[in-house]
>>> print(open('upload_11.cif').read())   # mmCIF, N, CA and C atoms
data_structure
loop_
_atom_site.label_atom_id
_atom_site.label_comp_id
_atom_site.auth_asym_id
_atom_site.auth_seq_id
_atom_site.Cartn_x
_atom_site.Cartn_y
_atom_site.Cartn_z
N MET D 1 0.84 -1.16 0.00
CA MET D 1 0.00 0.00 0.00
C MET D 1 0.89 1.23 0.00
N SER D 2 0.63 2.12 -0.96
CA SER D 2 1.48 3.30 -1.06
C SER D 2 1.00 4.39 -0.12
N LYS D 3 1.94 5.12 0.36
CA LYS D 3 1.63 6.22 1.24
C LYS D 3 1.34 7.45 0.41
N ARG D 4 0.23 8.14 0.72
CA ARG D 4 -0.12 9.36 -0.01
C ARG D 4 0.68 10.52 0.51
N LYS D 5 1.04 11.38 -0.39
CA LYS D 5 1.75 12.57 0.02
C LYS D 5 0.76 13.51 0.70
N PRO D 6 1.19 14.17 1.74
CA PRO D 6 0.28 15.13 2.38
C PRO D 6 0.04 16.31 1.45
N TYR D 7 -1.12 16.92 1.62
CA TYR D 7 -1.47 18.08 0.80
C TYR D 7 -0.47 19.19 1.05
N ALA D 8 0.04 19.73 -0.02
CA ALA D 8 1.00 20.83 0.09
C ALA D 8 0.27 22.13 -0.22
N ARG D 9 0.34 23.07 0.66
CA ARG D 9 -0.29 24.37 0.47
C ARG D 9 0.47 25.11 -0.64
N PRO D 10 -0.27 25.67 -1.62
CA PRO D 10 0.42 26.40 -2.69
C PRO D 10 1.29 27.52 -2.11
N SER D 11 2.36 27.78 -2.80
CA SER D 11 3.33 28.76 -2.29
C SER D 11 2.78 30.18 -2.29
N PHE D 12 1.75 30.47 -3.10
CA PHE D 12 1.24 31.83 -3.14
C PHE D 12 0.36 32.18 -1.94
N ILE D 13 -0.04 31.19 -1.15
CA ILE D 13 -0.83 31.47 0.05
C ILE D 13 0.13 31.81 1.17
N ARG D 14 -0.02 33.00 1.65
CA ARG D 14 0.87 33.50 2.68
C ARG D 14 0.30 33.19 4.05
N HIS D 15 1.10 32.62 4.91
CA HIS D 15 0.66 32.38 6.27
C HIS D 15 0.83 33.68 7.06
N GLU D 16 -0.23 34.05 7.73
CA GLU D 16 -0.15 35.26 8.53
C GLU D 16 -0.05 34.89 10.00
N SER D 17 0.68 35.69 10.70
CA SER D 17 0.78 35.43 12.14
C SER D 17 -0.53 35.84 12.80
N GLU D 18 -0.73 35.41 14.00
CA GLU D 18 -1.96 35.73 14.72
C GLU D 18 -2.11 37.23 14.94
N THR D 19 -1.00 37.95 15.00
CA THR D 19 -1.10 39.40 15.21
C THR D 19 -1.41 40.14 13.91
N GLU D 20 -0.97 39.60 12.75
CA GLU D 20 -1.24 40.24 11.48
C GLU D 20 -2.70 40.06 11.05
N TYR D 21 -3.27 38.90 11.32
CA TYR D 21 -4.61 38.58 10.84
C TYR D 21 -5.68 39.54 11.35
N PRO D 22 -5.80 39.79 12.66
CA PRO D 22 -6.84 40.71 13.11
C PRO D 22 -6.70 42.11 12.51
N GLU D 23 -5.47 42.58 12.34
CA GLU D 23 -5.26 43.90 11.75
C GLU D 23 -5.74 43.93 10.30
N ARG D 24 -5.46 42.88 9.56
CA ARG D 24 -5.90 42.79 8.17
C ARG D 24 -7.43 42.72 8.09
N ALA D 25 -8.03 41.95 8.98
CA ALA D 25 -9.49 41.83 9.01
C ALA D 25 -10.12 43.19 9.31
N ARG D 26 -9.56 43.93 10.28
CA ARG D 26 -10.07 45.25 10.60
C ARG D 26 -9.96 46.20 9.40
N SER D 27 -8.87 46.08 8.66
CA SER D 27 -8.65 46.91 7.49
C SER D 27 -9.71 46.62 6.42
N ILE D 28 -10.02 45.35 6.21
CA ILE D 28 -11.03 44.96 5.21
C ILE D 28 -12.40 45.48 5.63
N VAL D 29 -12.76 45.31 6.89
CA VAL D 29 -14.05 45.79 7.39
C VAL D 29 -14.15 47.30 7.24
N LYS D 30 -13.07 48.01 7.55
CA LYS D 30 -13.07 49.47 7.42
C LYS D 30 -13.31 49.89 5.97
N THR D 31 -12.65 49.22 5.04
CA THR D 31 -12.82 49.52 3.62
C THR D 31 -14.26 49.26 3.18
N LEU D 32 -14.84 48.14 3.60
CA LEU D 32 -16.22 47.82 3.24
C LEU D 32 -17.19 48.87 3.80
N ARG D 33 -16.97 49.29 5.04
CA ARG D 33 -17.83 50.33 5.63
C ARG D 33 -17.75 51.62 4.84
N GLN D 34 -16.55 52.00 4.43
CA GLN D 34 -16.38 53.23 3.65
C GLN D 34 -17.12 53.14 2.32
N GLU D 35 -17.07 51.96 1.68
CA GLU D 35 -17.77 51.78 0.41
C GLU D 35 -19.28 51.87 0.60
N LEU D 36 -19.78 51.28 1.67
CA LEU D 36 -21.22 51.31 1.92
C LEU D 36 -21.72 52.70 2.28
N GLU D 37 -20.89 53.49 2.94
CA GLU D 37 -21.30 54.82 3.36
C GLU D 37 -20.99 55.88 2.31
N ALA D 38 -20.35 55.48 1.23
CA ALA D 38 -19.97 56.45 0.19
C ALA D 38 -21.21 57.02 -0.49
N ALA D 39 -21.09 58.23 -0.98
CA ALA D 39 -22.22 58.91 -1.61
C ALA D 39 -22.72 58.18 -2.86
N GLN D 40 -21.84 57.44 -3.55
CA GLN D 40 -22.27 56.76 -4.76
C GLN D 40 -23.15 55.56 -4.46
N PHE D 41 -23.16 55.10 -3.23
CA PHE D 41 -23.99 53.95 -2.87
C PHE D 41 -25.41 54.45 -2.67
N GLU D 42 -26.31 54.00 -3.52
CA GLU D 42 -27.67 54.53 -3.51
C GLU D 42 -28.65 53.37 -3.72
N VAL D 43 -29.70 53.33 -2.92
CA VAL D 43 -30.73 52.32 -3.09
C VAL D 43 -31.88 52.95 -3.85
N LYS D 44 -32.23 52.37 -4.99
CA LYS D 44 -33.33 52.90 -5.78
C LYS D 44 -34.64 52.36 -5.20
N PRO D 45 -35.67 53.20 -5.17
CA PRO D 45 -36.96 52.73 -4.66
C PRO D 45 -37.56 51.69 -5.61
N GLN D 46 -38.28 50.76 -5.06
CA GLN D 46 -38.95 49.74 -5.85
C GLN D 46 -40.42 50.12 -5.95
N TYR D 47 -40.90 50.29 -7.14
CA TYR D 47 -42.30 50.66 -7.38
C TYR D 47 -43.07 49.38 -7.66
N VAL D 48 -44.05 49.09 -6.81
CA VAL D 48 -44.80 47.84 -6.92
C VAL D 48 -46.28 48.16 -7.06
N THR D 49 -46.93 47.46 -8.00
CA THR D 49 -48.37 47.59 -8.16
C THR D 49 -48.99 46.21 -8.26
N VAL D 50 -50.24 46.12 -7.84
CA VAL D 50 -51.02 44.90 -8.01
C VAL D 50 -52.30 45.31 -8.74
N VAL D 51 -52.59 44.62 -9.85
CA VAL D 51 -53.70 44.96 -10.73
C VAL D 51 -54.61 43.74 -10.87
N ASP D 52 -55.93 43.98 -10.95
CA ASP D 52 -56.86 42.86 -11.13
C ASP D 52 -57.09 42.60 -12.63
N SER D 53 -57.97 41.67 -12.95
CA SER D 53 -58.21 41.28 -14.34
C SER D 53 -58.91 42.37 -15.14
N ASP D 54 -59.47 43.39 -14.48
CA ASP D 54 -60.07 44.53 -15.17
C ASP D 54 -59.08 45.68 -15.35
N ARG D 55 -57.80 45.41 -15.07
CA ARG D 55 -56.71 46.38 -15.18
C ARG D 55 -56.84 47.51 -14.16
N LYS D 56 -57.48 47.24 -13.02
CA LYS D 56 -57.63 48.24 -11.96
C LYS D 56 -56.61 47.95 -10.86
N TYR D 57 -56.04 49.04 -10.32
CA TYR D 57 -55.09 48.90 -9.22
C TYR D 57 -55.82 48.40 -7.98
N VAL D 58 -55.26 47.36 -7.38
CA VAL D 58 -55.78 46.81 -6.14
C VAL D 58 -54.92 47.27 -4.97
N GLU D 59 -53.61 47.35 -5.22
CA GLU D 59 -52.66 47.80 -4.19
C GLU D 59 -51.47 48.43 -4.90
N VAL D 60 -50.90 49.45 -4.27
CA VAL D 60 -49.71 50.11 -4.80
C VAL D 60 -48.76 50.39 -3.64
N SER D 61 -47.48 50.39 -3.94
CA SER D 61 -46.48 50.71 -2.90
C SER D 61 -46.48 52.21 -2.65
N ASP D 62 -45.97 52.60 -1.49
CA ASP D 62 -45.87 54.03 -1.15
C ASP D 62 -45.06 54.78 -2.21
N SER D 63 -43.96 54.17 -2.65
CA SER D 63 -43.10 54.85 -3.61
C SER D 63 -43.82 55.06 -4.95
N PHE D 64 -44.72 54.14 -5.34
CA PHE D 64 -45.41 54.30 -6.61
C PHE D 64 -46.41 55.46 -6.57
N PHE D 65 -47.22 55.53 -5.51
CA PHE D 65 -48.20 56.62 -5.51
C PHE D 65 -47.52 57.97 -5.35
N GLN D 66 -46.36 58.02 -4.71
CA GLN D 66 -45.61 59.27 -4.64
C GLN D 66 -45.03 59.63 -6.01
N LEU D 67 -44.60 58.62 -6.76
CA LEU D 67 -44.04 58.84 -8.10
C LEU D 67 -45.06 59.48 -9.04
N VAL D 68 -46.29 58.97 -9.02
CA VAL D 68 -47.29 59.45 -9.97
C VAL D 68 -48.12 60.61 -9.44
N GLY D 69 -47.95 60.96 -8.16
CA GLY D 69 -48.60 62.16 -7.62
C GLY D 69 -50.03 62.01 -7.17
N TYR D 70 -50.49 60.79 -7.00
CA TYR D 70 -51.85 60.54 -6.51
C TYR D 70 -51.78 59.99 -5.09
N GLN D 71 -52.87 60.09 -4.37
CA GLN D 71 -52.98 59.43 -3.07
C GLN D 71 -53.33 57.96 -3.32
N ARG D 72 -52.98 57.11 -2.38
CA ARG D 72 -53.27 55.68 -2.52
C ARG D 72 -54.78 55.46 -2.76
N GLU D 73 -55.62 56.17 -2.01
CA GLU D 73 -57.07 56.00 -2.13
C GLU D 73 -57.56 56.37 -3.53
N GLU D 74 -56.90 57.32 -4.18
CA GLU D 74 -57.27 57.71 -5.54
C GLU D 74 -56.84 56.65 -6.55
N LEU D 75 -55.66 56.07 -6.33
CA LEU D 75 -55.13 55.09 -7.28
C LEU D 75 -55.88 53.77 -7.23
N VAL D 76 -56.20 53.29 -6.04
CA VAL D 76 -56.89 52.01 -5.92
C VAL D 76 -58.26 52.17 -6.58
N GLY D 77 -58.51 51.35 -7.57
CA GLY D 77 -59.75 51.44 -8.33
C GLY D 77 -59.56 52.09 -9.70
N MET D 78 -58.49 52.88 -9.87
CA MET D 78 -58.19 53.44 -11.20
C MET D 78 -57.65 52.33 -12.10
N ARG D 79 -57.85 52.48 -13.39
CA ARG D 79 -57.27 51.52 -14.33
C ARG D 79 -55.86 51.97 -14.68
N TYR D 80 -55.00 51.01 -14.95
CA TYR D 80 -53.63 51.43 -15.28
C TYR D 80 -53.60 52.13 -16.63
N ASP D 81 -54.66 51.98 -17.41
CA ASP D 81 -54.77 52.74 -18.66
C ASP D 81 -54.75 54.24 -18.38
N ASP D 82 -55.32 54.64 -17.22
CA ASP D 82 -55.41 56.06 -16.87
C ASP D 82 -54.04 56.69 -16.63
N LEU D 83 -53.05 55.88 -16.31
CA LEU D 83 -51.70 56.39 -16.05
C LEU D 83 -50.74 56.12 -17.20
N THR D 84 -51.25 55.54 -18.28
CA THR D 84 -50.41 55.24 -19.44
C THR D 84 -50.44 56.43 -20.40
N ALA D 85 -49.28 56.83 -20.87
CA ALA D 85 -49.20 57.96 -21.81
C ALA D 85 -50.02 57.64 -23.07
N PRO D 86 -50.78 58.61 -23.56
CA PRO D 86 -51.60 58.38 -24.75
C PRO D 86 -50.76 57.99 -25.96
N ASN D 87 -51.33 57.15 -26.79
CA ASN D 87 -50.73 56.73 -28.06
C ASN D 87 -49.36 56.04 -27.90
N THR D 88 -49.15 55.37 -26.78
CA THR D 88 -47.86 54.70 -26.60
C THR D 88 -47.98 53.19 -26.60
N ASN D 89 -49.09 52.66 -26.15
CA ASN D 89 -49.25 51.21 -26.09
C ASN D 89 -50.69 50.83 -26.46
N ASP D 90 -50.84 49.72 -27.16
CA ASP D 90 -52.16 49.18 -27.44
C ASP D 90 -52.52 48.31 -26.23
N ILE D 91 -53.12 48.94 -25.24
CA ILE D 91 -53.32 48.30 -23.95
C ILE D 91 -54.12 46.99 -24.03
N PRO D 92 -55.27 46.95 -24.71
CA PRO D 92 -56.01 45.68 -24.75
C PRO D 92 -55.19 44.54 -25.37
N THR D 93 -54.44 44.83 -26.41
CA THR D 93 -53.61 43.79 -27.04
C THR D 93 -52.51 43.33 -26.10
N VAL D 94 -51.81 44.28 -25.48
CA VAL D 94 -50.73 43.94 -24.55
C VAL D 94 -51.28 43.15 -23.36
N PHE D 95 -52.42 43.58 -22.84
CA PHE D 95 -53.00 42.90 -21.68
C PHE D 95 -53.45 41.48 -22.04
N GLY D 96 -54.04 41.31 -23.23
CA GLY D 96 -54.45 39.98 -23.68
C GLY D 96 -53.26 39.05 -23.83
N LEU D 97 -52.19 39.56 -24.40
CA LEU D 97 -50.96 38.77 -24.55
C LEU D 97 -50.40 38.39 -23.20
N PHE D 98 -50.41 39.35 -22.28
CA PHE D 98 -49.90 39.07 -20.93
C PHE D 98 -50.70 37.96 -20.27
N GLN D 99 -52.03 37.99 -20.38
CA GLN D 99 -52.86 36.97 -19.75
C GLN D 99 -52.55 35.59 -20.31
N LYS D 100 -52.18 35.51 -21.59
CA LYS D 100 -51.81 34.22 -22.19
C LYS D 100 -50.46 33.74 -21.69
N LEU D 101 -49.50 34.66 -21.62
CA LEU D 101 -48.13 34.30 -21.25
C LEU D 101 -47.92 34.17 -19.75
N GLY D 102 -48.60 35.03 -18.98
CA GLY D 102 -48.45 35.02 -17.52
C GLY D 102 -47.23 35.78 -17.03
N TYR D 103 -46.45 36.34 -17.95
CA TYR D 103 -45.25 37.09 -17.57
C TYR D 103 -44.90 38.06 -18.69
N MET D 104 -44.49 39.26 -18.33
CA MET D 104 -44.00 40.22 -19.32
C MET D 104 -42.97 41.14 -18.68
N HIS D 105 -42.14 41.72 -19.51
CA HIS D 105 -41.19 42.74 -19.05
C HIS D 105 -40.92 43.67 -20.22
N GLY D 106 -40.50 44.87 -19.89
CA GLY D 106 -40.21 45.83 -20.94
C GLY D 106 -40.26 47.25 -20.42
N LEU D 107 -40.55 48.18 -21.32
CA LEU D 107 -40.63 49.60 -20.96
C LEU D 107 -42.08 50.05 -21.06
N TRP D 108 -42.47 50.95 -20.18
CA TRP D 108 -43.82 51.48 -20.16
C TRP D 108 -43.72 52.98 -19.87
N LEU D 109 -44.54 53.76 -20.55
CA LEU D 109 -44.52 55.20 -20.35
C LEU D 109 -45.74 55.61 -19.55
N LEU D 110 -45.51 56.04 -18.31
CA LEU D 110 -46.58 56.49 -17.42
C LEU D 110 -46.73 58.00 -17.51
N VAL D 111 -47.87 58.51 -17.04
CA VAL D 111 -48.09 59.95 -16.95
C VAL D 111 -48.50 60.26 -15.52
N SER D 112 -47.78 61.20 -14.89
CA SER D 112 -48.10 61.58 -13.52
C SER D 112 -49.32 62.50 -13.51
N ARG D 113 -49.82 62.78 -12.33
CA ARG D 113 -50.96 63.67 -12.16
C ARG D 113 -50.69 65.04 -12.82
N GLU D 114 -49.45 65.53 -12.73
CA GLU D 114 -49.09 66.83 -13.30
C GLU D 114 -48.85 66.77 -14.80
N GLY D 115 -48.88 65.57 -15.39
CA GLY D 115 -48.66 65.43 -16.82
C GLY D 115 -47.25 65.06 -17.22
N THR D 116 -46.37 64.88 -16.25
CA THR D 116 -44.99 64.47 -16.55
C THR D 116 -44.98 63.03 -17.02
N ARG D 117 -44.28 62.79 -18.10
CA ARG D 117 -44.14 61.41 -18.60
C ARG D 117 -42.96 60.75 -17.90
N ILE D 118 -43.18 59.52 -17.44
CA ILE D 118 -42.18 58.78 -16.68
C ILE D 118 -41.96 57.44 -17.36
N LEU D 119 -40.76 57.20 -17.83
CA LEU D 119 -40.43 55.94 -18.47
C LEU D 119 -39.95 54.96 -17.42
N VAL D 120 -40.62 53.80 -17.35
CA VAL D 120 -40.24 52.78 -16.37
C VAL D 120 -39.92 51.48 -17.08
N GLN D 121 -39.01 50.75 -16.47
CA GLN D 121 -38.72 49.39 -16.90
C GLN D 121 -39.50 48.51 -15.94
N TYR D 122 -40.30 47.60 -16.46
CA TYR D 122 -41.17 46.81 -15.59
C TYR D 122 -40.95 45.32 -15.78
N GLU D 123 -41.38 44.59 -14.79
CA GLU D 123 -41.44 43.13 -14.83
C GLU D 123 -42.73 42.76 -14.12
N SER D 124 -43.61 42.03 -14.81
CA SER D 124 -44.91 41.68 -14.24
C SER D 124 -45.19 40.20 -14.43
N TRP D 125 -45.92 39.64 -13.50
CA TRP D 125 -46.29 38.23 -13.60
C TRP D 125 -47.67 38.02 -12.99
N LEU D 126 -48.29 36.93 -13.42
CA LEU D 126 -49.61 36.55 -12.93
C LEU D 126 -49.43 35.76 -11.64
N ARG D 127 -50.05 36.23 -10.57
CA ARG D 127 -49.94 35.57 -9.28
C ARG D 127 -50.96 34.43 -9.19
N PRO D 128 -50.78 33.51 -8.24
CA PRO D 128 -51.75 32.41 -8.07
C PRO D 128 -53.17 32.90 -7.77
N ASP D 129 -53.31 34.08 -7.15
CA ASP D 129 -54.65 34.59 -6.84
C ASP D 129 -55.26 35.35 -8.02
N SER D 130 -54.67 35.22 -9.22
CA SER D 130 -55.14 35.83 -10.47
C SER D 130 -54.89 37.33 -10.57
N TYR D 131 -54.25 37.92 -9.59
CA TYR D 131 -53.86 39.31 -9.70
C TYR D 131 -52.53 39.40 -10.43
N ILE D 132 -52.26 40.57 -10.99
CA ILE D 132 -51.00 40.80 -11.69
C ILE D 132 -50.13 41.68 -10.80
N GLU D 133 -48.93 41.21 -10.53
CA GLU D 133 -47.99 41.99 -9.72
C GLU D 133 -46.92 42.55 -10.64
N GLY D 134 -46.66 43.83 -10.51
CA GLY D 134 -45.66 44.48 -11.34
C GLY D 134 -44.63 45.20 -10.50
N HIS D 135 -43.37 45.07 -10.87
CA HIS D 135 -42.26 45.77 -10.21
C HIS D 135 -41.63 46.67 -11.26
N MET D 136 -41.40 47.92 -10.89
CA MET D 136 -40.89 48.89 -11.85
C MET D 136 -39.68 49.63 -11.30
N GLU D 137 -38.90 50.14 -12.23
CA GLU D 137 -37.75 50.98 -11.92
C GLU D 137 -37.78 52.15 -12.90
N VAL D 138 -37.61 53.36 -12.42
CA VAL D 138 -37.65 54.53 -13.30
C VAL D 138 -36.38 54.57 -14.14
N VAL D 139 -36.58 54.71 -15.44
CA VAL D 139 -35.47 54.81 -16.38
C VAL D 139 -35.24 56.29 -16.73
N GLY D 140 -36.34 57.03 -16.86
CA GLY D 140 -36.24 58.45 -17.19
C GLY D 140 -37.54 59.16 -16.89
N ALA D 141 -37.48 60.47 -16.75
CA ALA D 141 -38.70 61.25 -16.47
C ALA D 141 -38.58 62.60 -17.13
N GLY D 142 -39.74 63.25 -17.30
CA GLY D 142 -39.76 64.60 -17.85
C GLY D 142 -39.97 64.65 -19.33
N TYR D 143 -40.46 63.60 -19.92
CA TYR D 143 -40.67 63.57 -21.38
C TYR D 143 -41.93 64.31 -21.75
#
>>> encode(input="upload_11.cif", output="structure tokens")
Amino acid sequence: MSKRKPYARPSFIRHESETEYPERARSIVKTLRQELEAAQFEVKPQYVTVVDSDRKYVEVSDSFFQLVGYQREELVGMRYDDLTAPNTNDIPTVFGLFQKLGYMHGLWLLVSREGTRILVQYESWLRPDSYIEGHMEVVGAGY
């Protein structure tokens, strides 16, 4: 029976002493904290809507109703057609296709209460309760 050679650690792995390791770990943590607290680190709001089979809003996230300038109570019950920019989408055709596929994504042009056009990138899917859930991210505004 042959004896196996013990595993040899590659030469590029440097062994650190017990005193060097904690200092290096502290340095890494400090760098990560600085990156997280940097001004360029920004969390974009997630705009979420839930629509029924009649294309009416059932629920909207706080960020969505603030984006379009309506109160939640005003939005719930409105059709999403009411917030779609005129002459941009054939809504009945798109909605019919969505109901067949159960999932869609793309760009949609919304209109705020003040008339500002807001371009969003969306992802929507049909939920088990037959409602449509959509998640959006603003791509541009002021059109």
>>> closest_residue(input="upload_11.cif", among="D:Leu110, D:Met78, D:Ala141, D:Val68", to="Asp54 in chain D", atoms="all atoms listed in the file")
D:Met78
>>> atom_distance(input="upload_11.cif", atom1="CA of Leu97 in chain D", atom2="CA of Arg72 in chain D")
27.9 Å
>>> resolve_selection(input="upload_11.cif", expression="the PyMOL selection byres ((chain D and resi 121-136) around 7)", output="list in words")
Pro45, Gln46, Tyr47, Val48, Thr49, Val50, Val51, Asp52, Ser53, Leu101, Gly102, Tyr103, Met104, His105, Gly106, Leu107, Trp108, Leu119, Val120, Glu137, Val138, Val139 and Gly140 of chain D
>>> residues_around(input="upload_11.cif", residues="Val76 in chain D", least_positions_apart="5", cutoff="10 Å", atoms="only C-alpha atoms", output="list of chain:residue names")
D:Thr49, D:Val50, D:Val51, D:Lys56, D:Tyr57, D:Val58, D:Glu59, D:Val60, D:Phe65, D:Tyr70, D:Gln71
>>> residues_near_point(input="upload_11.cif", point="(-56.5, 50.5, -18.7)", cutoff="9 Å", atoms="only C-alpha atoms", output="PyMOL selection string")
chain D and resi 54-56+78-84+91-92+95
>>> atom_distance(input="upload_11.cif", atom1="atom N of Glu73 in chain D", atom2="atom C of Asn89 in chain D")
25.5 Å
>>> atom_distance(input="upload_11.cif", atom1="atom N of Glu74 in chain D", atom2="atom N of Lys100 in chain D")
28.3 Å
>>> closest_residue(input="upload_11.cif", among="D:Leu67, D:Pro86, D:Gln34, D:Thr93", to="Leu109 in chain D", atoms="only N, CA and C atoms")
D:Pro86
>>> closest_residue(input="upload_11.cif", among="D:Arg26, D:Phe64, D:Ala85, D:Gly96", to="Ile118 in chain D", atoms="only N, CA and C atoms")
D:Ala85
>>> closest_residue(input="upload_11.cif", among="D:Asp62, D:Ser27, D:Gly69, D:Asn87", to="Ser112 in chain D", atoms="only C-alpha atoms")
D:Gly69
>>> closest_residue(input="upload_11.cif", among="D:Thr88, D:Gln66, D:Thr31, D:Gln99", to="Arg113 in chain D", atoms="only C-alpha atoms")
D:Gln66
